[in-house]
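The data block below is my_file17.txt; it holds compact mmCIF, N, CA and C atoms and all ligand atoms.
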# COMPACT_ATOMS: atom_id res chain seq x y z
N MET T 1 -18.36 6.64 25.36
CA MET T 1 -17.72 5.94 24.24
C MET T 1 -18.26 6.45 22.90
N ALA T 2 -17.37 6.66 21.94
CA ALA T 2 -17.80 7.17 20.63
C ALA T 2 -18.60 6.11 19.88
N GLY T 3 -19.59 6.58 19.13
CA GLY T 3 -20.45 5.67 18.37
C GLY T 3 -19.79 5.22 17.08
N ASN T 4 -20.43 4.28 16.39
CA ASN T 4 -19.82 3.75 15.16
C ASN T 4 -20.59 4.12 13.90
N ARG T 5 -21.50 5.11 14.02
CA ARG T 5 -22.23 5.54 12.82
C ARG T 5 -22.23 7.05 12.67
N THR T 6 -22.22 7.50 11.42
CA THR T 6 -22.37 8.92 11.16
C THR T 6 -23.27 9.12 9.95
N PHE T 7 -23.75 10.34 9.80
CA PHE T 7 -24.61 10.68 8.68
C PHE T 7 -23.84 11.59 7.71
N SER T 8 -24.10 11.42 6.42
CA SER T 8 -23.45 12.28 5.42
C SER T 8 -24.39 12.57 4.26
N MET T 9 -24.08 13.64 3.57
CA MET T 9 -24.80 14.00 2.35
C MET T 9 -23.78 14.39 1.30
N ILE T 10 -24.03 14.01 0.05
CA ILE T 10 -23.31 14.61 -1.07
C ILE T 10 -24.21 15.75 -1.54
N LYS T 11 -23.66 16.95 -1.57
CA LYS T 11 -24.46 18.16 -1.81
C LYS T 11 -24.80 18.35 -3.30
N PRO T 12 -25.82 19.19 -3.58
CA PRO T 12 -26.32 19.34 -4.95
C PRO T 12 -25.26 19.56 -6.03
N ASP T 13 -24.32 20.44 -5.78
CA ASP T 13 -23.27 20.71 -6.77
C ASP T 13 -22.54 19.46 -7.21
N ALA T 14 -22.13 18.69 -6.21
CA ALA T 14 -21.30 17.51 -6.47
C ALA T 14 -22.11 16.42 -7.16
N VAL T 15 -23.40 16.33 -6.82
CA VAL T 15 -24.27 15.36 -7.50
C VAL T 15 -24.43 15.78 -8.96
N ARG T 16 -24.73 17.06 -9.15
CA ARG T 16 -24.96 17.62 -10.50
C ARG T 16 -23.73 17.46 -11.39
N ASP T 17 -22.56 17.61 -10.79
CA ASP T 17 -21.32 17.52 -11.57
C ASP T 17 -20.87 16.07 -11.81
N GLY T 18 -21.68 15.11 -11.35
CA GLY T 18 -21.38 13.71 -11.64
C GLY T 18 -20.30 13.09 -10.77
N HIS T 19 -20.19 13.57 -9.51
CA HIS T 19 -19.13 13.06 -8.64
C HIS T 19 -19.59 12.02 -7.61
N VAL T 20 -20.86 11.59 -7.71
CA VAL T 20 -21.37 10.64 -6.69
C VAL T 20 -20.53 9.37 -6.64
N GLY T 21 -20.32 8.75 -7.80
CA GLY T 21 -19.58 7.49 -7.84
C GLY T 21 -18.17 7.64 -7.29
N SER T 22 -17.46 8.68 -7.72
CA SER T 22 -16.07 8.87 -7.27
C SER T 22 -16.00 9.13 -5.78
N ILE T 23 -16.94 9.92 -5.27
CA ILE T 23 -16.92 10.23 -3.83
C ILE T 23 -17.22 8.97 -3.01
N LEU T 24 -18.22 8.19 -3.45
CA LEU T 24 -18.55 6.97 -2.70
C LEU T 24 -17.40 5.96 -2.76
N GLN T 25 -16.72 5.94 -3.88
CA GLN T 25 -15.56 5.03 -4.02
C GLN T 25 -14.47 5.39 -3.00
N LEU T 26 -14.20 6.69 -2.87
CA LEU T 26 -13.21 7.13 -1.88
C LEU T 26 -13.64 6.74 -0.47
N ILE T 27 -14.93 6.96 -0.18
CA ILE T 27 -15.45 6.68 1.17
C ILE T 27 -15.32 5.18 1.49
N GLU T 28 -15.69 4.33 0.55
CA GLU T 28 -15.59 2.88 0.78
C GLU T 28 -14.13 2.46 0.91
N ALA T 29 -13.28 3.03 0.06
CA ALA T 29 -11.85 2.69 0.13
C ALA T 29 -11.25 3.17 1.45
N GLY T 30 -11.88 4.18 2.05
CA GLY T 30 -11.42 4.69 3.35
C GLY T 30 -11.90 3.85 4.52
N GLY T 31 -12.59 2.76 4.23
CA GLY T 31 -12.98 1.83 5.29
C GLY T 31 -14.35 2.10 5.92
N PHE T 32 -15.13 2.97 5.29
CA PHE T 32 -16.48 3.24 5.79
C PHE T 32 -17.46 2.32 5.06
N LYS T 33 -18.38 1.74 5.83
CA LYS T 33 -19.39 0.86 5.23
C LYS T 33 -20.71 1.62 5.12
N ILE T 34 -21.31 1.60 3.94
CA ILE T 34 -22.60 2.28 3.73
C ILE T 34 -23.71 1.37 4.24
N VAL T 35 -24.49 1.86 5.22
CA VAL T 35 -25.56 1.03 5.78
C VAL T 35 -26.96 1.55 5.43
N ALA T 36 -27.04 2.72 4.79
CA ALA T 36 -28.30 3.26 4.28
C ALA T 36 -27.93 4.32 3.25
N MET T 37 -28.76 4.45 2.19
CA MET T 37 -28.44 5.48 1.20
C MET T 37 -29.67 5.79 0.34
N LYS T 38 -29.84 7.08 -0.01
CA LYS T 38 -30.89 7.45 -0.96
C LYS T 38 -30.54 8.75 -1.70
N LEU T 39 -30.96 8.79 -2.98
CA LEU T 39 -30.93 10.05 -3.73
C LEU T 39 -32.26 10.72 -3.45
N THR T 40 -32.22 11.95 -2.99
CA THR T 40 -33.46 12.63 -2.67
C THR T 40 -33.31 14.12 -2.91
N TYR T 41 -34.37 14.87 -2.60
CA TYR T 41 -34.36 16.29 -2.89
C TYR T 41 -34.84 17.06 -1.66
N LEU T 42 -34.15 18.13 -1.33
CA LEU T 42 -34.57 18.99 -0.22
C LEU T 42 -35.22 20.25 -0.76
N THR T 43 -36.42 20.55 -0.32
CA THR T 43 -36.97 21.87 -0.61
C THR T 43 -36.18 22.87 0.23
N ALA T 44 -36.28 24.16 -0.10
CA ALA T 44 -35.58 25.17 0.70
C ALA T 44 -36.06 25.11 2.16
N GLU T 45 -37.33 24.82 2.34
CA GLU T 45 -37.88 24.74 3.70
C GLU T 45 -37.26 23.58 4.48
N ARG T 46 -37.18 22.41 3.83
CA ARG T 46 -36.56 21.24 4.49
C ARG T 46 -35.07 21.46 4.74
N ALA T 47 -34.40 22.12 3.78
CA ALA T 47 -32.98 22.41 3.97
C ALA T 47 -32.81 23.33 5.18
N GLY T 48 -33.73 24.28 5.32
CA GLY T 48 -33.70 25.19 6.47
C GLY T 48 -33.90 24.45 7.79
N GLU T 49 -34.76 23.45 7.77
CA GLU T 49 -34.98 22.63 8.98
C GLU T 49 -33.71 21.85 9.31
N PHE T 50 -33.14 21.24 8.27
CA PHE T 50 -31.93 20.42 8.49
C PHE T 50 -30.81 21.26 9.10
N TYR T 51 -30.66 22.48 8.60
CA TYR T 51 -29.59 23.36 9.08
C TYR T 51 -30.12 24.39 10.09
N GLY T 52 -31.15 24.02 10.83
CA GLY T 52 -31.80 24.92 11.79
C GLY T 52 -30.84 25.57 12.79
N VAL T 53 -29.77 24.87 13.14
CA VAL T 53 -28.83 25.43 14.13
C VAL T 53 -28.12 26.68 13.57
N HIS T 54 -28.15 26.82 12.25
CA HIS T 54 -27.48 27.98 11.63
C HIS T 54 -28.44 29.14 11.32
N LYS T 55 -29.64 29.05 11.86
CA LYS T 55 -30.71 30.02 11.55
C LYS T 55 -30.27 31.49 11.67
N GLU T 56 -29.47 31.77 12.66
CA GLU T 56 -29.07 33.17 12.89
C GLU T 56 -27.83 33.59 12.10
N LYS T 57 -27.24 32.64 11.37
CA LYS T 57 -25.99 32.96 10.66
C LYS T 57 -26.28 33.73 9.38
N PRO T 58 -25.36 34.60 8.99
CA PRO T 58 -25.57 35.40 7.77
C PRO T 58 -25.69 34.55 6.50
N PHE T 59 -25.15 33.34 6.52
CA PHE T 59 -25.16 32.51 5.31
C PHE T 59 -26.37 31.57 5.24
N TYR T 60 -27.28 31.65 6.22
CA TYR T 60 -28.40 30.70 6.32
C TYR T 60 -29.30 30.69 5.07
N GLU T 61 -29.73 31.86 4.61
CA GLU T 61 -30.65 31.92 3.46
C GLU T 61 -29.97 31.37 2.20
N SER T 62 -28.73 31.74 2.02
CA SER T 62 -27.99 31.28 0.86
C SER T 62 -27.77 29.76 0.93
N LEU T 63 -27.47 29.26 2.12
CA LEU T 63 -27.26 27.82 2.31
C LEU T 63 -28.54 27.05 1.94
N LYS T 64 -29.69 27.58 2.34
CA LYS T 64 -30.97 26.94 2.00
C LYS T 64 -31.14 26.85 0.48
N GLU T 65 -30.79 27.92 -0.20
CA GLU T 65 -30.91 27.94 -1.68
C GLU T 65 -29.97 26.93 -2.32
N VAL T 66 -28.72 26.96 -1.90
CA VAL T 66 -27.71 26.08 -2.47
C VAL T 66 -28.09 24.61 -2.25
N MET T 67 -28.65 24.32 -1.09
CA MET T 67 -28.96 22.93 -0.74
C MET T 67 -30.24 22.42 -1.38
N SER T 68 -31.01 23.34 -2.01
CA SER T 68 -32.25 22.91 -2.65
C SER T 68 -32.22 23.11 -4.16
N GLU T 69 -31.04 23.32 -4.70
CA GLU T 69 -30.90 23.57 -6.15
C GLU T 69 -31.21 22.34 -6.98
N SER T 70 -30.86 21.18 -6.46
CA SER T 70 -31.01 19.92 -7.19
C SER T 70 -30.82 18.78 -6.19
N PRO T 71 -30.98 17.51 -6.62
CA PRO T 71 -30.94 16.41 -5.64
C PRO T 71 -29.64 16.29 -4.85
N ILE T 72 -29.77 15.65 -3.73
CA ILE T 72 -28.63 15.30 -2.87
C ILE T 72 -28.61 13.78 -2.69
N VAL T 73 -27.48 13.25 -2.24
CA VAL T 73 -27.44 11.83 -1.84
C VAL T 73 -27.19 11.80 -0.34
N ALA T 74 -28.12 11.17 0.38
CA ALA T 74 -28.01 11.05 1.84
C ALA T 74 -27.60 9.62 2.18
N PHE T 75 -26.70 9.46 3.15
CA PHE T 75 -26.30 8.10 3.51
C PHE T 75 -25.78 8.04 4.94
N VAL T 76 -25.78 6.81 5.47
CA VAL T 76 -25.31 6.54 6.82
C VAL T 76 -24.10 5.63 6.70
N LEU T 77 -23.05 5.96 7.44
CA LEU T 77 -21.79 5.22 7.37
C LEU T 77 -21.45 4.57 8.69
N GLU T 78 -20.81 3.43 8.60
CA GLU T 78 -20.38 2.72 9.80
C GLU T 78 -18.85 2.56 9.79
N LYS T 79 -18.27 2.87 10.90
CA LYS T 79 -16.82 2.67 11.12
C LYS T 79 -16.59 2.96 12.60
N GLU T 80 -15.53 2.41 13.17
CA GLU T 80 -15.21 2.72 14.57
C GLU T 80 -15.00 4.23 14.70
N ASN T 81 -15.57 4.82 15.74
CA ASN T 81 -15.41 6.26 15.99
C ASN T 81 -15.79 7.07 14.74
N ALA T 82 -16.96 6.71 14.16
CA ALA T 82 -17.35 7.18 12.83
C ALA T 82 -17.38 8.70 12.66
N VAL T 83 -17.96 9.42 13.62
CA VAL T 83 -18.12 10.88 13.46
C VAL T 83 -16.76 11.55 13.27
N GLU T 84 -15.86 11.27 14.18
CA GLU T 84 -14.55 11.92 14.12
C GLU T 84 -13.74 11.41 12.91
N ALA T 85 -13.79 10.10 12.69
CA ALA T 85 -13.04 9.52 11.57
C ALA T 85 -13.50 10.13 10.25
N TYR T 86 -14.81 10.31 10.10
CA TYR T 86 -15.34 10.84 8.83
C TYR T 86 -15.03 12.32 8.68
N ARG T 87 -15.09 13.07 9.75
CA ARG T 87 -14.78 14.51 9.66
C ARG T 87 -13.32 14.72 9.25
N THR T 88 -12.46 13.89 9.78
CA THR T 88 -11.05 13.95 9.37
C THR T 88 -10.92 13.57 7.90
N PHE T 89 -11.68 12.55 7.52
CA PHE T 89 -11.60 12.02 6.15
C PHE T 89 -12.07 13.04 5.11
N ILE T 90 -13.13 13.79 5.42
CA ILE T 90 -13.66 14.73 4.41
C ILE T 90 -12.88 16.05 4.39
N GLY T 91 -12.21 16.40 5.47
CA GLY T 91 -11.42 17.63 5.51
C GLY T 91 -12.21 18.81 6.07
N SER T 92 -11.51 19.92 6.28
CA SER T 92 -12.12 21.10 6.90
C SER T 92 -13.31 21.61 6.12
N THR T 93 -14.26 22.24 6.85
CA THR T 93 -15.46 22.82 6.24
C THR T 93 -15.07 23.76 5.11
N ASN T 94 -14.07 24.58 5.35
CA ASN T 94 -13.57 25.48 4.32
C ASN T 94 -12.49 24.74 3.52
N PRO T 95 -12.76 24.48 2.24
CA PRO T 95 -11.80 23.68 1.45
C PRO T 95 -10.42 24.30 1.36
N ALA T 96 -10.34 25.62 1.59
CA ALA T 96 -9.03 26.28 1.57
C ALA T 96 -8.14 25.72 2.68
N ASN T 97 -8.78 25.21 3.75
CA ASN T 97 -8.02 24.65 4.87
C ASN T 97 -8.00 23.12 4.88
N ALA T 98 -8.62 22.51 3.87
CA ALA T 98 -8.73 21.04 3.86
C ALA T 98 -7.40 20.39 3.48
N ALA T 99 -7.10 19.27 4.14
CA ALA T 99 -5.84 18.57 3.87
C ALA T 99 -5.87 17.93 2.49
N GLU T 100 -4.69 17.77 1.91
CA GLU T 100 -4.56 17.10 0.61
C GLU T 100 -5.19 15.72 0.67
N GLY T 101 -5.89 15.36 -0.40
CA GLY T 101 -6.45 14.01 -0.49
C GLY T 101 -7.82 13.86 0.13
N THR T 102 -8.28 14.89 0.88
CA THR T 102 -9.62 14.79 1.48
C THR T 102 -10.68 15.10 0.42
N ILE T 103 -11.90 14.64 0.69
CA ILE T 103 -12.99 14.82 -0.29
C ILE T 103 -13.22 16.30 -0.58
N ARG T 104 -13.20 17.12 0.47
CA ARG T 104 -13.44 18.55 0.23
C ARG T 104 -12.30 19.19 -0.54
N LYS T 105 -11.07 18.75 -0.27
CA LYS T 105 -9.94 19.30 -1.03
C LYS T 105 -10.11 19.00 -2.51
N ILE T 106 -10.61 17.80 -2.79
CA ILE T 106 -10.72 17.38 -4.19
C ILE T 106 -11.98 17.96 -4.87
N TYR T 107 -13.11 17.95 -4.16
CA TYR T 107 -14.38 18.24 -4.83
C TYR T 107 -15.08 19.55 -4.43
N ALA T 108 -14.69 20.18 -3.33
CA ALA T 108 -15.41 21.39 -2.91
C ALA T 108 -15.07 22.56 -3.83
N LYS T 109 -16.08 23.42 -4.09
CA LYS T 109 -15.84 24.61 -4.91
C LYS T 109 -15.62 25.84 -4.06
N SER T 110 -16.19 25.83 -2.86
CA SER T 110 -16.09 27.00 -1.97
C SER T 110 -16.51 26.56 -0.56
N LEU T 111 -16.42 27.47 0.39
CA LEU T 111 -16.85 27.19 1.76
C LEU T 111 -18.31 26.73 1.78
N GLU T 112 -19.14 27.41 1.01
CA GLU T 112 -20.56 27.07 0.98
C GLU T 112 -20.82 25.80 0.16
N ARG T 113 -20.22 25.74 -1.01
CA ARG T 113 -20.41 24.58 -1.90
C ARG T 113 -19.26 23.61 -1.66
N ASN T 114 -19.33 22.99 -0.46
CA ASN T 114 -18.18 22.20 -0.01
C ASN T 114 -18.36 20.69 -0.17
N ALA T 115 -19.15 20.30 -1.16
CA ALA T 115 -19.25 18.92 -1.67
C ALA T 115 -19.99 17.93 -0.77
N VAL T 116 -19.61 17.88 0.50
CA VAL T 116 -20.23 16.89 1.40
C VAL T 116 -20.49 17.49 2.77
N HIS T 117 -21.45 16.88 3.45
CA HIS T 117 -21.73 17.21 4.85
C HIS T 117 -21.36 16.00 5.69
N GLY T 118 -20.88 16.23 6.90
CA GLY T 118 -20.66 15.14 7.85
C GLY T 118 -21.11 15.59 9.23
N SER T 119 -21.82 14.74 9.96
CA SER T 119 -22.31 15.10 11.30
C SER T 119 -21.15 15.47 12.21
N ASP T 120 -21.43 16.39 13.16
CA ASP T 120 -20.35 16.86 14.03
C ASP T 120 -20.37 16.25 15.43
N SER T 121 -21.35 15.39 15.71
CA SER T 121 -21.38 14.70 17.01
C SER T 121 -22.25 13.46 16.88
N ASP T 122 -22.13 12.54 17.82
CA ASP T 122 -22.98 11.34 17.79
C ASP T 122 -24.45 11.72 17.91
N ALA T 123 -24.74 12.72 18.74
CA ALA T 123 -26.14 13.13 18.93
C ALA T 123 -26.71 13.69 17.63
N ASN T 124 -25.92 14.54 16.95
CA ASN T 124 -26.41 15.09 15.68
C ASN T 124 -26.46 14.03 14.58
N ALA T 125 -25.56 13.06 14.62
CA ALA T 125 -25.62 11.97 13.63
C ALA T 125 -26.96 11.25 13.75
N ALA T 126 -27.41 11.02 14.98
CA ALA T 126 -28.70 10.33 15.18
C ALA T 126 -29.86 11.19 14.70
N ILE T 127 -29.81 12.48 15.02
CA ILE T 127 -30.90 13.40 14.60
C ILE T 127 -30.93 13.50 13.07
N GLU T 128 -29.76 13.69 12.47
CA GLU T 128 -29.70 13.87 11.00
C GLU T 128 -30.07 12.60 10.26
N THR T 129 -29.69 11.46 10.82
CA THR T 129 -30.07 10.17 10.21
C THR T 129 -31.58 10.04 10.20
N SER T 130 -32.23 10.37 11.32
CA SER T 130 -33.68 10.19 11.39
C SER T 130 -34.43 11.24 10.56
N PHE T 131 -33.72 12.30 10.16
CA PHE T 131 -34.31 13.31 9.26
C PHE T 131 -34.59 12.68 7.88
N PHE T 132 -33.78 11.72 7.49
CA PHE T 132 -33.89 11.11 6.16
C PHE T 132 -34.33 9.65 6.15
N PHE T 133 -34.04 8.92 7.23
CA PHE T 133 -34.25 7.47 7.19
C PHE T 133 -35.10 6.97 8.35
N SER T 134 -35.96 5.98 8.05
CA SER T 134 -36.65 5.26 9.13
C SER T 134 -35.72 4.14 9.60
N GLN T 135 -36.00 3.54 10.73
CA GLN T 135 -35.17 2.44 11.24
C GLN T 135 -35.10 1.30 10.23
N GLN T 136 -36.22 1.04 9.55
CA GLN T 136 -36.29 -0.08 8.59
C GLN T 136 -35.39 0.14 7.38
N GLU T 137 -35.00 1.37 7.14
CA GLU T 137 -34.17 1.66 5.96
C GLU T 137 -32.68 1.57 6.26
N ILE T 138 -32.35 1.29 7.52
CA ILE T 138 -30.93 1.23 7.91
C ILE T 138 -30.56 -0.23 8.15
N TYR T 139 -29.47 -0.66 7.54
CA TYR T 139 -29.05 -2.06 7.67
C TYR T 139 -28.48 -2.34 9.06
N GLY T 140 -28.88 -3.45 9.62
CA GLY T 140 -28.27 -3.94 10.89
C GLY T 140 -28.88 -3.33 12.13
P1 LIG I 1 -21.74 21.70 6.50
O1 LIG I 1 -20.65 20.91 7.13
O2 LIG I 1 -22.77 20.96 5.73
O3 LIG I 1 -22.48 22.52 7.67
C1 LIG I 1 -23.02 23.80 7.49
C2 LIG I 1 -22.76 24.35 6.12
O4 LIG I 1 -22.89 25.75 6.03
C3 LIG I 1 -21.30 24.11 5.77
O5 LIG I 1 -21.08 22.77 5.53
C4 LIG I 1 -21.15 25.03 4.59
O6 LIG I 1 -21.75 24.50 3.41
C5 LIG I 1 -21.97 26.22 5.05
N1 LIG I 1 -21.15 27.24 5.70
C6 LIG I 1 -20.50 27.18 6.87
N2 LIG I 1 -19.88 28.33 7.16
C7 LIG I 1 -20.16 29.16 6.14
C8 LIG I 1 -19.83 30.51 5.84
N3 LIG I 1 -19.07 31.24 6.67
N4 LIG I 1 -20.29 31.04 4.71
C9 LIG I 1 -21.06 30.32 3.87
N5 LIG I 1 -21.43 29.02 4.10
C10 LIG I 1 -20.97 28.46 5.21

What is this structure when it is put down as structure tokens?
Amino acid sequence: MAGNRTFSMIKPDAVRDGHVGSILQLIEAGGFKIVAMKLTYLTAERAGEFYGVHKEKPFYESLKEVMSESPIVAFVLEKENAVEAYRTFIGSTNPANAAEGTIRKIYAKSLERNAVHGSDSDANAAIETSFFFSQQEIYG
């Protein structure tokens, strides 16, 4: 059975450009409930750990740099079938393929600077959530 929580980040570009409020407004209007949230900063080393599965990819070093340029907003969302619902909601990883009205279609600048991250499975949602939050920091 699919879980009801997912993990997300608003990436440095989108935070820097002042889109936090607008993005969170869209997410809440889309029926997702925020159950944990923090503005924080990833060093390049921590960004590399977070994206460890991409270690062998050609874009890994650049991704680490982009993700440590300035603060990010990390949060946990609740909704039925959250992982899949949120991935549909934010749109394709590459904004060129993202559907109209999705967060990435509206706010992403490029494949790399794609505004938001969303977990790709329930297992990764749990791992990524615990990367940023203790149990006490999550509501419910
Ligand atoms: P995200 O969903 O956070 O997961 C991995 C990130 O790597 C992805 O969003 C993009 O920011 C980035 N990414 C994925 N594929 C590429 C690529 N081909 N070139 C550059 N960056 C990429």

I want to know what sits within 8 Å of stretch 32-49 of chain T, based on all atoms listed in the file, with residues of the same chain fewer than 2 positions away left out; could you give that as a PyMOL selection string?
chain T and resi 26-30+51-55+60-61+63-80+133+137-140

Those residues with N, CA and C atoms, as a short mmCIF file (atom, residue, chain, number, x, y, z; two decimals), keeping the file's coordinate frame please?
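Produced file part23.cif, reproduced below:
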data_model
loop_
_atom_site.label_atom_id
_atom_site.label_comp_id
_atom_site.auth_asym_id
_atom_site.auth_seq_id
_atom_site.Cartn_x
_atom_site.Cartn_y
_atom_site.Cartn_z
N LEU T 26 -14.20 6.69 -2.87
CA LEU T 26 -13.21 7.13 -1.88
C LEU T 26 -13.64 6.74 -0.47
N ILE T 27 -14.93 6.96 -0.18
CA ILE T 27 -15.45 6.68 1.17
C ILE T 27 -15.32 5.18 1.49
N GLU T 28 -15.69 4.33 0.55
CA GLU T 28 -15.59 2.88 0.78
C GLU T 28 -14.13 2.46 0.91
N ALA T 29 -13.28 3.03 0.06
CA ALA T 29 -11.85 2.69 0.13
C ALA T 29 -11.25 3.17 1.45
N GLY T 30 -11.88 4.18 2.05
CA GLY T 30 -11.42 4.69 3.35
C GLY T 30 -11.90 3.85 4.52
N TYR T 51 -30.66 22.48 8.60
CA TYR T 51 -29.59 23.36 9.08
C TYR T 51 -30.12 24.39 10.09
N GLY T 52 -31.15 24.02 10.83
CA GLY T 52 -31.80 24.92 11.79
C GLY T 52 -30.84 25.57 12.79
N VAL T 53 -29.77 24.87 13.14
CA VAL T 53 -28.83 25.43 14.13
C VAL T 53 -28.12 26.68 13.57
N HIS T 54 -28.15 26.82 12.25
CA HIS T 54 -27.48 27.98 11.63
C HIS T 54 -28.44 29.14 11.32
N LYS T 55 -29.64 29.05 11.86
CA LYS T 55 -30.71 30.02 11.55
C LYS T 55 -30.27 31.49 11.67
N TYR T 60 -27.28 31.65 6.22
CA TYR T 60 -28.40 30.70 6.32
C TYR T 60 -29.30 30.69 5.07
N GLU T 61 -29.73 31.86 4.61
CA GLU T 61 -30.65 31.92 3.46
C GLU T 61 -29.97 31.37 2.20
N LEU T 63 -27.47 29.26 2.12
CA LEU T 63 -27.26 27.82 2.31
C LEU T 63 -28.54 27.05 1.94
N LYS T 64 -29.69 27.58 2.34
CA LYS T 64 -30.97 26.94 2.00
C LYS T 64 -31.14 26.85 0.48
N GLU T 65 -30.79 27.92 -0.20
CA GLU T 65 -30.91 27.94 -1.68
C GLU T 65 -29.97 26.93 -2.32
N VAL T 66 -28.72 26.96 -1.90
CA VAL T 66 -27.71 26.08 -2.47
C VAL T 66 -28.09 24.61 -2.25
N MET T 67 -28.65 24.32 -1.09
CA MET T 67 -28.96 22.93 -0.74
C MET T 67 -30.24 22.42 -1.38
N SER T 68 -31.01 23.34 -2.01
CA SER T 68 -32.25 22.91 -2.65
C SER T 68 -32.22 23.11 -4.16
N GLU T 69 -31.04 23.32 -4.70
CA GLU T 69 -30.90 23.57 -6.15
C GLU T 69 -31.21 22.34 -6.98
N SER T 70 -30.86 21.18 -6.46
CA SER T 70 -31.01 19.92 -7.19
C SER T 70 -30.82 18.78 -6.19
N PRO T 71 -30.98 17.51 -6.62
CA PRO T 71 -30.94 16.41 -5.64
C PRO T 71 -29.64 16.29 -4.85
N ILE T 72 -29.77 15.65 -3.73
CA ILE T 72 -28.63 15.30 -2.87
C ILE T 72 -28.61 13.78 -2.69
N VAL T 73 -27.48 13.25 -2.24
CA VAL T 73 -27.44 11.83 -1.84
C VAL T 73 -27.19 11.80 -0.34
N ALA T 74 -28.12 11.17 0.38
CA ALA T 74 -28.01 11.05 1.84
C ALA T 74 -27.60 9.62 2.18
N PHE T 75 -26.70 9.46 3.15
CA PHE T 75 -26.30 8.10 3.51
C PHE T 75 -25.78 8.04 4.94
N VAL T 76 -25.78 6.81 5.47
CA VAL T 76 -25.31 6.54 6.82
C VAL T 76 -24.10 5.63 6.70
N LEU T 77 -23.05 5.96 7.44
CA LEU T 77 -21.79 5.22 7.37
C LEU T 77 -21.45 4.57 8.69
N GLU T 78 -20.81 3.43 8.60
CA GLU T 78 -20.38 2.72 9.80
C GLU T 78 -18.85 2.56 9.79
N LYS T 79 -18.27 2.87 10.90
CA LYS T 79 -16.82 2.67 11.12
C LYS T 79 -16.59 2.96 12.60
N GLU T 80 -15.53 2.41 13.17
CA GLU T 80 -15.21 2.72 14.57
C GLU T 80 -15.00 4.23 14.70
N PHE T 133 -34.04 8.92 7.23
CA PHE T 133 -34.25 7.47 7.19
C PHE T 133 -35.10 6.97 8.35
N GLU T 137 -35.00 1.37 7.14
CA GLU T 137 -34.17 1.66 5.96
C GLU T 137 -32.68 1.57 6.26
N ILE T 138 -32.35 1.29 7.52
CA ILE T 138 -30.93 1.23 7.91
C ILE T 138 -30.56 -0.23 8.15
N TYR T 139 -29.47 -0.66 7.54
CA TYR T 139 -29.05 -2.06 7.67
C TYR T 139 -28.48 -2.34 9.06
N GLY T 140 -28.88 -3.45 9.62
CA GLY T 140 -28.27 -3.94 10.89
C GLY T 140 -28.88 -3.33 12.13
#

Which residues are near ligand LIG 1 (chain I) - at most 5 Å, using all atoms listed in the file? Format: as a tab-separated table (two decimals) with N, CA and C atoms, in the frame of the given file.
chain	number	residue	atom	x	y	z
T	59	PHE	N	-25.15	33.34	6.52
T	59	PHE	CA	-25.16	32.51	5.31
T	59	PHE	C	-26.37	31.57	5.24
T	111	LEU	N	-16.42	27.47	0.39
T	111	LEU	CA	-16.85	27.19	1.76
T	111	LEU	C	-18.31	26.73	1.78
T	112	GLU	N	-19.14	27.41	1.01
T	112	GLU	CA	-20.56	27.07	0.98
T	112	GLU	C	-20.82	25.80	0.16
T	113	ARG	N	-20.22	25.74	-1.01
T	113	ARG	CA	-20.41	24.58	-1.90
T	113	ARG	C	-19.26	23.61	-1.66
T	114	ASN	N	-19.33	22.99	-0.46
T	114	ASN	CA	-18.18	22.20	-0.01
T	114	ASN	C	-18.36	20.69	-0.17
T	117	HIS	N	-21.45	16.88	3.45
T	117	HIS	CA	-21.73	17.21	4.85
T	117	HIS	C	-21.36	16.00	5.69
T	118	GLY	N	-20.88	16.23	6.90
T	118	GLY	CA	-20.66	15.14	7.85
T	118	GLY	C	-21.11	15.59	9.23

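Of the listed residues (T:Val15, T:Ser8, T:Glu84, T:Gln136), T:Glu84 comes nearest to T:Asp122; the distances count all atoms listed in the file.
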
DSSP helix (DSSP H, G or I) selection over chain T, as a PyMOL selection string:
chain T and resi 12-16+20-29+44-50+52-54+60-67+82-90+95-97+103-107+122-132+135-137

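Relative to atom CA of T:Glu56, atom C of T:Arg87 is found at 24.5 Å.
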
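With atom CA of T:Asn124 on one side and atom CA of T:Val83 on the other, the separation reads 9.6 Å.
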
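Atom pair atom N of T:Gly18 / atom CA of T:Lys57: separated by 28.7 Å.
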
Box dimensions and centre (Å, one decimal) enclosing stretch 38-53 of chain T, axis-aligned, 6 Å extra per side, as JSON:
{"center_x": -33.0, "center_y": 16.9, "center_z": 5.2, "size_x": 21.8, "size_y": 31.6, "size_z": 29.9}

Please, which residues of chain T, numbered as in this document, come out strand (DSSP E or B) from DSSP, as a PyMOL selection string?
chain T and resi 5-10+33-40+72-78+116-118

Name the residues, using the chain letters and numbers of the file, that sit within 8 Å of (-21.6, 10.0, 15.3) when counting all atoms listed in the file, and give them as JSON, numbers by chain.
{"T": [2, 3, 4, 5, 6, 7, 81, 82, 83, 84, 119, 120, 121, 122, 123, 124, 125, 126]}
